[in-house]
file coords.csv (CSV, C-alpha atoms)
chain,number,residue,atom,x,y,z
A,1,MET,CA,20.7,4.4,26.6
A,2,SER,CA,21.7,5.6,23.1
A,3,ASP,CA,19.0,6.0,20.5
A,4,PRO,CA,18.6,3.1,18.0
A,5,LEU,CA,20.1,3.6,14.6
A,6,PRO,CA,17.2,4.0,12.2
A,7,PHE,CA,16.7,2.3,8.8
A,8,ARG,CA,17.1,4.6,5.8
A,9,PRO,CA,14.1,5.9,3.9
A,10,TYR,CA,13.2,4.0,0.7
A,11,ALA,CA,14.8,5.4,-2.4
A,12,PRO,CA,12.3,7.6,-4.5
A,13,GLY,CA,10.3,5.6,-7.1
A,14,THR,CA,11.5,2.2,-5.9
A,15,GLN,CA,8.3,1.4,-4.0
A,16,PRO,CA,4.8,1.3,-5.4
A,17,PRO,CA,2.3,3.9,-4.3
A,18,TYR,CA,-0.8,2.9,-2.3
A,19,ASP,CA,-2.9,4.7,-4.8
A,20,ALA,CA,-2.3,2.6,-8.0
A,21,PRO,CA,-5.7,3.0,-9.8
A,22,ALA,CA,-4.9,0.5,-12.7
A,23,TYR,CA,-5.0,-2.1,-10.0
A,24,LEU,CA,-8.7,-1.8,-9.1
A,25,GLY,CA,-8.3,-3.4,-5.6
A,26,THR,CA,-6.4,-0.3,-4.5
A,27,VAL,CA,-9.3,2.1,-5.2
A,28,LYS,CA,-11.1,1.6,-1.9
A,29,ARG,CA,-8.2,0.5,0.2
A,30,HIS,CA,-5.5,3.2,-0.2
A,31,PRO,CA,-5.3,5.9,2.5
A,32,LYS,CA,-6.2,9.4,1.3
A,33,GLN,CA,-4.1,11.1,4.0
A,34,LYS,CA,-0.3,11.2,3.8
A,35,LEU,CA,1.6,8.8,6.0
A,36,HIS,CA,2.4,10.4,9.3
A,37,PRO,CA,6.1,11.1,9.6
A,38,MET,CA,7.8,9.8,12.7
A,39,PRO,CA,11.4,9.0,13.9
A,40,GLN,CA,12.0,5.3,14.2
A,41,THR,CA,12.1,4.0,17.8
A,42,VAL,CA,12.9,0.7,19.4
A,43,THR,CA,9.5,-0.5,18.2
A,44,GLU,CA,10.6,-0.1,14.5
A,45,THR,CA,14.3,-1.0,14.8
A,46,THR,CA,13.7,-4.3,16.5
A,47,GLY,CA,11.8,-7.3,15.2
A,48,PRO,CA,10.9,-10.9,15.6
A,49,ARG,CA,13.3,-13.8,15.6
A,50,PHE,CA,12.2,-17.2,14.2
A,51,SER,CA,14.1,-20.3,14.8
A,52,PRO,CA,14.1,-23.4,12.6
A,53,ASN,CA,13.5,-25.5,15.8
A,54,ARG,CA,10.2,-23.9,16.4
A,55,PHE,CA,9.2,-23.2,12.8
A,56,PRO,CA,10.4,-26.2,10.8
A,57,PRO,CA,11.7,-25.5,7.4
A,58,LEU,CA,9.9,-26.8,4.3
A,59,GLY,CA,12.1,-26.2,1.3
A,60,ASP,CA,10.7,-28.8,-1.1
A,61,LEU,CA,7.2,-28.1,-2.4
A,62,THR,CA,7.4,-30.7,-5.2
A,63,MET,CA,6.2,-33.7,-3.1
A,64,ALA,CA,3.2,-34.5,-0.9
A,65,LYS,CA,3.3,-37.7,1.1
A,66,GLY,CA,6.0,-39.0,-1.1
A,67,LYS,CA,4.1,-38.4,-4.3
A,68,PRO,CA,5.3,-35.9,-7.0
A,69,ALA,CA,3.4,-32.8,-7.9
A,70,ILE,CA,2.6,-32.3,-11.6
A,71,GLY,CA,4.5,-29.6,-13.4
A,72,GLU,CA,7.9,-28.3,-14.3
A,73,ARG,CA,10.3,-28.7,-11.3
A,74,ILE,CA,12.3,-25.5,-10.6
A,75,ILE,CA,14.9,-24.4,-8.1
A,76,VAL,CA,14.6,-20.9,-6.8
A,77,ALA,CA,17.7,-19.6,-4.9
A,78,GLY,CA,19.3,-16.3,-4.0
A,79,THR,CA,20.9,-14.1,-1.5
A,80,ILE,CA,19.3,-11.6,0.9
A,81,THR,CA,21.5,-8.6,1.6
A,82,ASP,CA,20.9,-5.2,3.0
A,83,GLU,CA,21.4,-1.9,1.2
A,84,ASP,CA,25.1,-2.0,2.2
A,85,GLY,CA,25.6,-5.4,0.5
A,86,ARG,CA,25.8,-7.2,3.9
A,87,PRO,CA,24.2,-10.7,3.9
A,88,VAL,CA,21.1,-11.1,6.1
A,89,PRO,CA,21.7,-14.4,7.9
A,90,ASN,CA,19.3,-16.7,9.7
A,91,THR,CA,16.1,-14.9,8.6
A,92,MET,CA,12.9,-16.7,7.7
A,93,VAL,CA,11.6,-16.7,4.1
A,94,GLU,CA,8.1,-17.8,3.4
A,95,ILE,CA,6.6,-18.5,-0.1
A,96,TRP,CA,3.2,-19.4,-1.5
A,97,GLN,CA,2.1,-19.9,-5.0
A,98,ALA,CA,-0.4,-21.4,-7.5
A,99,ASN,CA,0.2,-24.8,-8.9
A,100,ALA,CA,1.3,-25.6,-12.5
A,101,THR,CA,-2.3,-25.1,-13.8
A,102,GLY,CA,-2.6,-21.6,-12.2
A,103,ARG,CA,-4.8,-22.7,-9.3
A,104,TYR,CA,-4.2,-22.0,-5.6
A,105,ASP,CA,-5.0,-24.7,-3.1
A,106,HIS,CA,-7.2,-22.1,-1.4
A,107,PRO,CA,-11.0,-22.0,-0.9
A,108,ALA,CA,-11.3,-18.5,-2.4
A,109,ASP,CA,-9.7,-19.5,-5.7
A,110,GLN,CA,-12.5,-20.7,-7.9
A,111,HIS,CA,-10.6,-20.6,-11.2
A,112,ASP,CA,-11.7,-23.6,-13.3
A,113,ALA,CA,-8.3,-25.3,-13.4
A,114,PRO,CA,-7.4,-28.5,-11.7
A,115,LEU,CA,-6.0,-28.8,-8.2
A,116,ASP,CA,-3.1,-31.1,-7.7
A,117,PRO,CA,-3.5,-33.4,-4.7
A,118,ASN,CA,0.3,-33.5,-4.4
A,119,PHE,CA,0.9,-29.8,-4.5
A,120,HIS,CA,-0.1,-27.4,-1.7
A,121,GLY,CA,2.1,-24.4,-2.6
A,122,MET,CA,3.5,-23.2,0.7
A,123,GLY,CA,7.2,-23.2,1.8
A,124,ARG,CA,9.4,-21.8,4.5
A,125,VAL,CA,13.2,-21.7,4.8
A,126,PHE,CA,15.9,-19.8,6.7
A,127,THR,CA,18.9,-18.1,5.1
A,128,ASP,CA,22.3,-19.5,6.0
A,129,ASP,CA,25.1,-17.4,7.5
A,130,GLN,CA,25.8,-16.0,4.1
A,131,GLY,CA,22.2,-14.8,3.6
A,132,ARG,CA,21.5,-17.6,1.0
A,133,TYR,CA,18.2,-19.5,0.7
A,134,ARG,CA,16.9,-22.1,-1.7
A,135,PHE,CA,13.5,-23.7,-2.6
A,136,LEU,CA,12.6,-26.6,-4.8
A,137,THR,CA,9.2,-26.1,-6.3
A,138,ILE,CA,6.9,-26.3,-9.4
A,139,ARG,CA,6.8,-23.5,-11.9
A,140,PRO,CA,3.4,-21.8,-11.2
A,141,GLY,CA,0.9,-21.3,-14.0
A,142,ALA,CA,-0.8,-18.0,-15.1
A,143,TYR,CA,-4.4,-17.4,-14.0
A,144,PRO,CA,-7.2,-15.0,-14.9
A,145,TRP,CA,-8.3,-12.3,-12.4
A,146,PRO,CA,-11.2,-9.8,-12.5
A,147,ASN,CA,-9.3,-6.6,-12.9
A,148,HIS,CA,-9.7,-5.6,-16.6
A,149,LYS,CA,-10.8,-7.3,-19.8
A,150,ASN,CA,-8.9,-10.6,-20.3
A,151,ALA,CA,-6.7,-9.9,-17.3
A,152,TRP,CA,-4.2,-12.7,-16.4
A,153,ARG,CA,-1.6,-12.6,-13.7
A,154,PRO,CA,1.9,-13.4,-14.9
A,155,ASN,CA,3.5,-16.5,-13.4
A,156,HIS,CA,4.7,-15.5,-9.9
A,157,ILE,CA,5.7,-16.7,-6.5
A,158,HIS,CA,4.8,-14.7,-3.4
A,159,PHE,CA,7.7,-14.1,-1.0
A,160,SER,CA,7.7,-12.9,2.6
A,161,TYR,CA,10.8,-11.6,4.3
A,162,PHE,CA,11.5,-10.4,7.8
A,163,GLY,CA,15.1,-9.2,8.2
A,164,PRO,CA,16.3,-7.8,11.5
A,165,ALA,CA,13.5,-5.4,12.3
A,166,PHE,CA,9.8,-4.5,12.0
A,167,ALA,CA,11.0,-1.7,9.6
A,168,THR,CA,12.6,-4.3,7.3
A,169,ARG,CA,9.5,-6.4,6.7
A,170,LEU,CA,8.9,-7.1,3.0
A,171,ILE,CA,6.2,-8.9,1.0
A,172,THR,CA,6.8,-9.1,-2.7
A,173,GLN,CA,6.3,-11.3,-5.8
A,174,MET,CA,8.9,-13.0,-8.0
A,175,TYR,CA,8.3,-13.1,-11.7
A,176,PHE,CA,9.9,-15.1,-14.5
A,177,PRO,CA,12.0,-13.8,-17.4
A,178,GLY,CA,10.4,-13.5,-20.8
A,179,ASP,CA,6.8,-13.7,-19.5
A,180,PRO,CA,4.6,-11.8,-22.1
A,181,LEU,CA,2.0,-11.1,-19.4
A,182,LEU,CA,4.3,-8.8,-17.5
A,183,ALA,CA,3.7,-6.0,-20.0
A,184,PHE,CA,0.0,-5.9,-19.0
A,185,ASP,CA,0.2,-6.5,-15.3
A,186,PRO,CA,-0.8,-3.5,-13.2
A,187,ILE,CA,0.6,-4.9,-10.0
A,188,PHE,CA,4.1,-5.3,-11.5
A,189,HIS,CA,3.8,-1.9,-13.2
A,190,ALA,CA,2.8,-0.2,-9.9
A,191,VAL,CA,6.5,0.1,-9.2
A,192,PRO,CA,7.4,3.4,-10.8
A,193,ASP,CA,11.1,2.9,-11.3
A,194,GLU,CA,11.8,0.6,-14.2
A,195,HIS,CA,15.1,-0.8,-12.8
A,196,ALA,CA,13.4,-1.5,-9.4
A,197,ARG,CA,10.5,-3.2,-11.2
A,198,ASN,CA,12.8,-5.4,-13.3
A,199,ARG,CA,14.6,-6.6,-10.2
A,200,LEU,CA,11.4,-8.5,-9.4
A,201,ILE,CA,12.1,-10.7,-12.4
A,202,ALA,CA,14.2,-13.7,-11.5
A,203,VAL,CA,17.2,-14.5,-13.6
A,204,PHE,CA,17.6,-17.9,-15.3
A,205,ASP,CA,20.8,-19.4,-13.8
A,206,LEU,CA,22.7,-22.4,-15.2
A,207,ASP,CA,24.7,-22.6,-12.1
A,208,ILE,CA,21.5,-23.2,-10.0
A,209,THR,CA,20.1,-25.5,-12.6
A,210,GLU,CA,20.7,-29.2,-11.8
A,211,ALA,CA,21.4,-31.5,-14.8
A,212,ASP,CA,18.7,-34.0,-15.7
A,213,TYR,CA,16.6,-32.6,-12.8
A,214,ALA,CA,15.4,-28.9,-12.7
A,215,LEU,CA,15.9,-25.5,-14.1
A,216,GLY,CA,17.4,-22.9,-11.7
A,217,TYR,CA,16.3,-19.3,-11.1
A,218,ARG,CA,18.1,-16.7,-9.1
A,219,PHE,CA,16.1,-14.2,-7.1
A,220,ASP,CA,18.3,-11.9,-5.0
A,221,VAL,CA,16.6,-9.6,-2.6
A,222,VAL,CA,17.7,-6.4,-0.8
A,223,LEU,CA,16.2,-5.3,2.5
A,224,ARG,CA,16.5,-1.8,4.0
A,225,GLY,CA,19.9,-0.9,5.4
A,226,ARG,CA,20.7,1.2,8.4
A,227,ALA,CA,21.2,5.0,8.0
A,228,ALA,CA,24.8,6.0,8.2
A,229,THR,CA,24.2,8.5,11.0
A,230,PRO,CA,21.4,8.7,13.5
A,231,MET,CA,18.5,11.0,12.4
A,232,GLU,CA,18.1,14.3,14.2
A,233,ASP,CA,15.0,14.5,16.4
B,1,MET,CA,24.7,-0.2,-3.8
B,2,PRO,CA,21.2,-1.5,-4.7
B,3,THR,CA,18.2,-0.1,-3.0
B,4,ALA,CA,15.6,-2.1,-1.1
B,5,THR,CA,13.5,-4.5,-3.2
B,6,ALA,CA,10.1,-3.3,-4.3
B,7,SER,CA,7.0,-4.4,-2.4
B,8,GLN,CA,4.1,-6.2,-4.1
B,9,THR,CA,0.6,-6.9,-2.7
B,10,ILE,CA,0.2,-9.9,-0.4
B,11,GLY,CA,-2.9,-10.7,-2.5
B,12,PRO,CA,-6.0,-12.8,-1.5
B,13,TYR,CA,-4.3,-16.2,-1.1
B,14,TRP,CA,-1.7,-15.4,1.6
B,15,HIS,CA,-3.6,-17.8,3.9
B,16,LEU,CA,-1.5,-20.6,2.3
B,17,MET,CA,1.3,-19.6,4.7
B,18,GLU,CA,-1.0,-19.0,7.6
B,19,ASP,CA,-0.7,-20.8,10.9
B,20,PRO,CA,-3.7,-19.6,13.0
B,21,SER,CA,-1.9,-20.3,16.2
B,22,TRP,CA,0.4,-17.3,15.5
B,23,ALA,CA,-2.5,-15.0,16.5
B,24,ASP,CA,-1.9,-16.2,20.1
B,25,LEU,CA,1.3,-14.7,21.4
B,26,THR,CA,0.9,-16.4,24.7
B,27,ARG,CA,0.9,-20.0,23.3
B,28,PHE,CA,4.4,-20.6,24.5
B,29,GLY,CA,3.5,-19.9,28.1
B,30,ALA,CA,4.2,-16.2,28.4
B,31,ALA,CA,3.8,-14.6,31.8
B,32,GLY,CA,2.0,-11.3,32.3
B,33,GLU,CA,-1.4,-9.7,31.9
B,34,LYS,CA,-3.2,-11.5,29.1
B,35,ILE,CA,-5.2,-9.3,26.8
B,36,THR,CA,-7.2,-9.7,23.6
B,37,LEU,CA,-6.5,-7.0,20.9
B,38,THR,CA,-9.2,-7.0,18.2
B,39,GLY,CA,-10.9,-4.8,15.7
B,40,ALA,CA,-12.3,-4.6,12.2
B,41,VAL,CA,-10.3,-3.6,9.1
B,42,LEU,CA,-12.7,-1.5,6.9
B,43,ASP,CA,-12.3,-0.1,3.4
B,44,GLY,CA,-13.3,3.3,2.0
B,45,ASP,CA,-17.0,2.3,1.9
B,46,GLY,CA,-16.9,1.1,5.5
B,47,LYS,CA,-17.1,-2.5,4.2
B,48,PRO,CA,-15.1,-5.2,6.0
B,49,CYS,CA,-11.8,-6.3,4.4
B,50,ALA,CA,-12.3,-10.0,4.9
B,51,ASP,CA,-9.0,-11.2,3.3
B,52,ALA,CA,-6.5,-9.1,5.2
B,53,CYS,CA,-3.4,-10.2,7.0
B,54,VAL,CA,-2.8,-8.3,10.2
B,55,GLU,CA,0.6,-8.5,11.9
B,56,ILE,CA,1.7,-7.1,15.2
B,57,TRP,CA,5.0,-6.6,16.9
B,58,GLN,CA,5.6,-5.4,20.4
B,59,PRO,CA,9.0,-4.6,21.9
B,60,ASP,CA,7.7,-5.2,25.4
B,61,PRO,CA,7.7,-7.6,27.1
B,62,PRO,CA,11.0,-8.5,25.5
B,63,ALA,CA,10.8,-11.4,23.0
B,64,SER,CA,11.9,-14.7,24.6
B,65,ASP,CA,11.4,-18.4,24.2
B,66,SER,CA,8.0,-18.0,25.9
B,67,PHE,CA,7.0,-14.8,24.1
B,68,PRO,CA,7.5,-14.3,20.4
B,69,GLY,CA,6.5,-10.6,20.4
B,70,PHE,CA,5.2,-11.1,16.9
B,71,GLY,CA,1.7,-12.3,15.8
B,72,ARG,CA,-0.3,-12.7,12.6
B,73,SER,CA,-4.1,-12.9,12.3
B,74,ASN,CA,-6.4,-13.2,9.4
B,75,THR,CA,-9.6,-11.1,9.2
B,76,ASP,CA,-12.9,-12.9,9.2
B,77,SER,CA,-16.0,-12.2,7.1
B,78,ALA,CA,-16.7,-9.1,9.3
B,79,GLY,CA,-13.1,-7.9,8.7
B,80,VAL,CA,-12.2,-8.7,12.3
B,81,TYR,CA,-8.7,-9.6,13.4
B,82,ARG,CA,-8.0,-11.0,16.9
B,83,PHE,CA,-4.9,-11.5,18.9
B,84,THR,CA,-4.2,-12.9,22.3
B,85,THR,CA,-1.1,-11.3,23.8
B,86,VAL,CA,0.5,-9.8,26.9
B,87,LYS,CA,-0.2,-6.2,27.7
B,88,PRO,CA,3.0,-4.2,27.0
B,89,GLY,CA,4.6,-1.7,29.3
B,90,PRO,CA,6.3,1.6,28.4
B,91,VAL,CA,9.5,1.5,26.2
B,92,PRO,CA,12.2,4.2,25.6
B,93,ALA,CA,11.6,7.0,23.1
B,94,ARG,CA,14.3,8.9,21.4
B,95,GLY,CA,16.3,11.2,23.7
B,96,ASN,CA,15.4,10.7,27.3
B,97,ALA,CA,11.7,10.4,26.7
B,98,GLN,CA,9.4,7.4,27.2
B,99,GLN,CA,6.8,5.9,24.9
B,100,ALA,CA,3.4,5.0,26.2
B,101,PRO,CA,2.6,1.2,26.0
B,102,HIS,CA,1.7,0.3,22.5
B,103,ILE,CA,1.6,-2.5,19.9
B,104,ALA,CA,2.8,-1.9,16.3
B,105,ILE,CA,0.4,-3.1,13.6
B,106,CYS,CA,1.0,-3.8,10.0
B,107,VAL,CA,-2.0,-4.4,7.7
B,108,LEU,CA,-1.3,-6.3,4.5
B,109,SER,CA,-4.0,-7.2,2.0
B,110,ARG,CA,-5.2,-7.5,-1.6
B,111,GLY,CA,-5.5,-3.9,-2.8
B,112,LEU,CA,-2.5,-2.7,-0.7
B,113,MET,CA,0.7,-2.6,-2.7
B,114,ARG,CA,2.6,-2.2,0.6
B,115,GLY,CA,1.9,-2.9,4.2
B,116,LEU,CA,0.2,-0.1,6.2
B,117,VAL,CA,1.8,0.5,9.6
B,118,THR,CA,-0.1,1.9,12.6
B,119,ARG,CA,-0.1,1.5,16.4
B,120,ALA,CA,-2.6,0.5,19.1
B,121,TYR,CA,-2.2,2.5,22.3
B,122,PHE,CA,-4.4,1.8,25.4
B,123,GLU,CA,-7.1,4.2,26.4
B,124,GLY,CA,-6.6,5.7,29.8
B,125,ASP,CA,-2.9,5.1,30.1
B,126,ARG,CA,-1.4,8.1,31.9
B,127,LEU,CA,1.7,8.0,29.5
B,128,ASN,CA,-0.5,8.6,26.5
B,129,ASP,CA,-0.5,12.4,27.2
B,130,THR,CA,3.3,12.6,26.9
B,131,ASP,CA,3.9,10.0,24.2
B,132,PRO,CA,6.0,11.6,21.5
B,133,LEU,CA,4.2,10.0,18.6
B,134,LEU,CA,0.7,10.7,19.9
B,135,MET,CA,1.7,14.3,20.7
B,136,SER,CA,3.0,14.8,17.2
B,137,ILE,CA,-0.5,14.2,15.8
B,138,GLU,CA,-2.2,17.6,16.1
B,139,GLU,CA,-5.9,16.8,15.5
B,140,PRO,CA,-7.4,15.0,18.5
B,141,ALA,CA,-9.8,13.0,16.2
B,142,ARG,CA,-6.9,11.7,14.2
B,143,ARG,CA,-4.9,10.9,17.3
B,144,ALA,CA,-7.9,8.9,18.6
B,145,THR,CA,-7.7,6.5,15.7
B,146,LEU,CA,-4.6,5.0,17.4
B,147,ILE,CA,-6.3,4.4,20.8
B,148,ALA,CA,-7.7,0.9,21.6
B,149,ARG,CA,-10.7,1.0,23.9
B,150,PRO,CA,-11.6,-1.5,26.6
B,151,ALA,CA,-14.4,-3.8,25.5
B,152,GLY,CA,-14.7,-6.0,28.6
B,153,SER,CA,-12.9,-8.9,30.2
B,154,GLY,CA,-9.4,-8.0,29.1
B,155,THR,CA,-10.4,-7.2,25.5
B,156,TRP,CA,-9.2,-4.0,23.7
B,157,ARG,CA,-10.7,-2.9,20.4
B,158,MET,CA,-9.2,-0.8,17.7
B,159,ASP,CA,-10.7,-0.7,14.2
B,160,VAL,CA,-8.5,0.2,11.3
B,161,ARG,CA,-10.2,2.4,8.6
B,162,LEU,CA,-8.1,2.3,5.5
B,163,GLN,CA,-9.7,5.3,3.7
B,164,GLY,CA,-12.1,8.2,4.1
B,165,GLU,CA,-14.0,9.3,7.2
B,166,GLY,CA,-12.2,8.3,10.4
B,167,GLU,CA,-9.2,7.2,8.4
B,168,THR,CA,-6.6,5.6,10.7
B,169,VAL,CA,-3.3,7.4,11.0
B,170,PHE,CA,-0.8,5.4,9.2
B,171,LEU,CA,2.9,5.8,9.9
B,172,ASP,CA,5.8,6.6,7.7
B,173,VAL,CA,8.4,4.3,9.2
call {"tool": "encode", "arguments": {"input": "coords.csv", "output": "structure tokens"}}
result
Amino acid sequence: MSDPLPFRPYAPGTQPPYDAPAYLGTVKRHPKQKLHPMPQTVTETTGPRFSPNRFPPLGDLTMAKGKPAIGERIIVAGTITDEDGRPVPNTMVEIWQANATGRYDHPADQHDAPLDPNFHGMGRVFTDDQGRYRFLTIRPGAYPWPNHKNAWRPNHIHFSYFGPAFATRLITQMYFPGDPLLAFDPIFHAVPDEHARNRLIAVFDLDITEADYALGYRFDVVLRGRAATPMED
Amino acid sequence: MPTATASQTIGPYWHLMEDPSWADLTRFGAAGEKITLTGAVLDGDGKPCADACVEIWQPDPPASDSFPGFGRSNTDSAGVYRFTTVKPGPVPARGNAQQAPHIAICVLSRGLMRGLVTRAYFEGDRLNDTDPLLMSIEEPARRATLIARPAGSGTWRMDVRLQGEGETVFLDV
């Protein structure tokens, strides 16, 4: 049996460090030891497969039991590719987010902003054979958090991606263009490379926008690609 | 060509996407030796991380309609995750070597900008002594952080210490 082709290392500066002290939550949770290097094995180069039959898609977050959620309807769509530009087809995408007032439908969120009985804030879709996905949702509000004086998280949607392998798992956040809070957000700024950071900001897209209905934002995502040649042992 | 998109923390509200049944990898009727894999996720003060998302992936037994191979568990107020799964067998390593039975673990939480990857091996397995990854960790005490220990009636326990004394070995995959 031939060795599995590994996924390539992350490009320097494009991923946040574990030790990101401006984000206080990292202080007691980042490892002090270096990550232990290892060659990828079948454990890392394979991963779960989810099927829409067993995990039913939920691509419209704007309604609950036929009643509309409050807030600005938006369409978020994009393409998932690997680092060679190849689409990642039939992969599950999960999202979760605060409602239009900046409140999560979650018991741990005690922010004094109203819940919306018609908005839960969770979605799940699968990419098509071209790697494309699309959600219909409500633009999330900003909310305060206890990190520094007058700290507010910029508007964001949480995203979870799987791709073909355990090594391609990605959890990230999508931000909105022109948000003044981005300049002050230590989670966004934990990504050292400015270009890599700015790719977390969705692009307003008139082609995704639907007339008389909802504004459209494009959020394209890149998952790790395979190394060109097998790594030496 | 663009590089892989940057990671951001999963935050404290990821439970909105949680389906608690995902912590039971045998729920679709998997055959094999059923085990519980459990343990606490602890921070640098030894305090429980009560809002973590722990995910596992195992390449053996092979994923199928009756066995997803993947699981997701929350941590409770004591920081404890808990999976029901099937005990894995050995899988190939690079070259002609073999890997001891193990389960891959990814810890995601508020305060972690990226997932932390580690593994649970099974104490007493004869292949542990020749497992390439375990052998590559020189200090026995560090190596021991990847070994789950039997805790009675099919339960295996492995705590994950994110920082400081007894810090778990996290892997650069």
call {"tool": "interface_residues", "arguments": {"input": "coords.csv", "of": "chain B", "to": "chain A", "cutoff": "8 Å", "atoms": "all atoms listed in the file", "output": "compact mmCIF listing (two decimals) with C-alpha atoms, in the frame of the given file"}}
result
# COMPACT_ATOMS: atom_id res chain seq x y z
CA MET B 1 24.70 -0.20 -3.80
CA PRO B 2 21.20 -1.50 -4.70
CA THR B 3 18.20 -0.10 -3.00
CA ALA B 4 15.60 -2.10 -1.10
CA THR B 5 13.50 -4.50 -3.20
CA ALA B 6 10.10 -3.30 -4.30
CA SER B 7 7.00 -4.40 -2.40
CA GLN B 8 4.10 -6.20 -4.10
CA THR B 9 0.60 -6.90 -2.70
CA ILE B 10 0.20 -9.90 -0.40
CA PRO B 12 -6.00 -12.80 -1.50
CA TYR B 13 -4.30 -16.20 -1.10
CA TRP B 14 -1.70 -15.40 1.60
CA HIS B 15 -3.60 -17.80 3.90
CA LEU B 16 -1.50 -20.60 2.30
CA MET B 17 1.30 -19.60 4.70
CA ASP B 43 -12.30 -0.10 3.40
CA GLY B 44 -13.30 3.30 2.00
CA ASP B 45 -17.00 2.30 1.90
CA TRP B 57 5.00 -6.60 16.90
CA GLN B 58 5.60 -5.40 20.40
CA PRO B 59 9.00 -4.60 21.90
CA ALA B 63 10.80 -11.40 23.00
CA PRO B 68 7.50 -14.30 20.40
CA GLY B 69 6.50 -10.60 20.40
CA PHE B 70 5.20 -11.10 16.90
CA VAL B 91 9.50 1.50 26.20
CA PRO B 92 12.20 4.20 25.60
CA ALA B 93 11.60 7.00 23.10
CA ARG B 94 14.30 8.90 21.40
CA GLY B 95 16.30 11.20 23.70
CA ALA B 104 2.80 -1.90 16.30
CA ARG B 110 -5.20 -7.50 -1.60
CA GLY B 111 -5.50 -3.90 -2.80
CA LEU B 112 -2.50 -2.70 -0.70
CA MET B 113 0.70 -2.60 -2.70
CA ARG B 114 2.60 -2.20 0.60
CA LEU B 133 4.20 10.00 18.60
CA LEU B 162 -8.10 2.30 5.50
CA GLN B 163 -9.70 5.30 3.70
CA GLY B 164 -12.10 8.20 4.10
CA GLU B 167 -9.20 7.20 8.40
CA VAL B 169 -3.30 7.40 11.00
CA PHE B 170 -0.80 5.40 9.20
CA LEU B 171 2.90 5.80 9.90
CA ASP B 172 5.80 6.60 7.70
CA VAL B 173 8.40 4.30 9.20
call {"tool": "residues_around", "arguments": {"input": "coords.csv", "residues": "segment 49-51 of chain B", "least_positions_apart": "5", "cutoff": "6 Å", "atoms": "all atoms listed in the file", "output": "number ranges by chain"}}
result
B: 12, 41-42, 75-77, 79
call {"tool": "atom_distance", "arguments": {"input": "coords.csv", "atom1": "atom CA of Gln110 of chain A", "atom2": "atom CA of Gly11 of chain B"}}
result
14.9 Å
call {"tool": "residues_around", "arguments": {"input": "coords.csv", "residues": "Arg132 of chain A", "least_positions_apart": "6", "cutoff": "8 Å", "atoms": "all atoms listed in the file", "output": "list in words"}}
result
Ala77, Gly78, Thr79, Ile80, Pro87 and Pro89 of chain A
call {"tool": "write_last_selection", "arguments": {"input": "coords.csv", "atoms": "C-alpha atoms", "output": "CSV table (one decimal), in the frame of the given file"}}
result
chain,number,residue,atom,x,y,z
A,77,ALA,CA,17.7,-19.6,-4.9
A,78,GLY,CA,19.3,-16.3,-4.0
A,79,THR,CA,20.9,-14.1,-1.5
A,80,ILE,CA,19.3,-11.6,0.9
A,87,PRO,CA,24.2,-10.7,3.9
A,89,PRO,CA,21.7,-14.4,7.9
call {"tool": "atom_distance", "arguments": {"input": "coords.csv", "atom1": "atom CA of Asn74 of chain B", "atom2": "atom CA of Asp159 of chain B"}}
result
14.1 Å
call {"tool": "atom_distance", "arguments": {"input": "coords.csv", "atom1": "atom CA of Leu115 of chain A", "atom2": "atom CA of Glu18 of chain B"}}
result
19.3 Å
call {"tool": "residues_around", "arguments": {"input": "coords.csv", "residues": "Tyr175 of chain A", "least_positions_apart": "4", "cutoff": "7 Å", "atoms": "only C-alpha atoms", "output": "count of residues only"}}
result
6
call {"tool": "residues_around", "arguments": {"input": "coords.csv", "residues": "Cys53 of chain B", "least_positions_apart": "6", "cutoff": "7 Å", "atoms": "only C-alpha atoms", "output": "list in words"}}
result
Arg72, Ser73, Asn74, Thr75, Val107, Leu108 and Ser109 of chain B
call {"tool": "residues_near_point", "arguments": {"input": "coords.csv", "point": "(-14.5, 4.4, 20.3)", "cutoff": "12 Å", "atoms": "all atoms listed in the file", "output": "list in words"}}
result
Gly39, Phe122, Glu123, Ala141, Arg143, Ala144, Thr145, Leu146, Ile147, Ala148, Arg149, Pro150, Ala151, Trp156, Arg157, Met158, Asp159, Val160 and Gly166 of chain B
call {"tool": "write_last_selection", "arguments": {"input": "coords.csv", "atoms": "C-alpha atoms", "output": "PDB file, keeping the file's coordinate frame"}}
result
ATOM      1  CA  GLY B  39     -10.900  -4.800  15.700  1.00  0.00           C
ATOM      2  CA  PHE B 122      -4.400   1.800  25.400  1.00  0.00           C
ATOM      3  CA  GLU B 123      -7.100   4.200  26.400  1.00  0.00           C
ATOM      4  CA  ALA B 141      -9.800  13.000  16.200  1.00  0.00           C
ATOM      5  CA  ARG B 143      -4.900  10.900  17.300  1.00  0.00           C
ATOM      6  CA  ALA B 144      -7.900   8.900  18.600  1.00  0.00           C
ATOM      7  CA  THR B 145      -7.700   6.500  15.700  1.00  0.00           C
ATOM      8  CA  LEU B 146      -4.600   5.000  17.400  1.00  0.00           C
ATOM      9  CA  ILE B 147      -6.300   4.400  20.800  1.00  0.00           C
ATOM     10  CA  ALA B 148      -7.700   0.900  21.600  1.00  0.00           C
ATOM     11  CA  ARG B 149     -10.700   1.000  23.900  1.00  0.00           C
ATOM     12  CA  PRO B 150     -11.600  -1.500  26.600  1.00  0.00           C
ATOM     13  CA  ALA B 151     -14.400  -3.800  25.500  1.00  0.00           C
ATOM     14  CA  TRP B 156      -9.200  -4.000  23.700  1.00  0.00           C
ATOM     15  CA  ARG B 157     -10.700  -2.900  20.400  1.00  0.00           C
ATOM     16  CA  MET B 158      -9.200  -0.800  17.700  1.00  0.00           C
ATOM     17  CA  ASP B 159     -10.700  -0.700  14.200  1.00  0.00           C
ATOM     18  CA  VAL B 160      -8.500   0.200  11.300  1.00  0.00           C
ATOM     19  CA  GLY B 166     -12.200   8.300  10.400  1.00  0.00           C
TER      20      GLY B 166
END
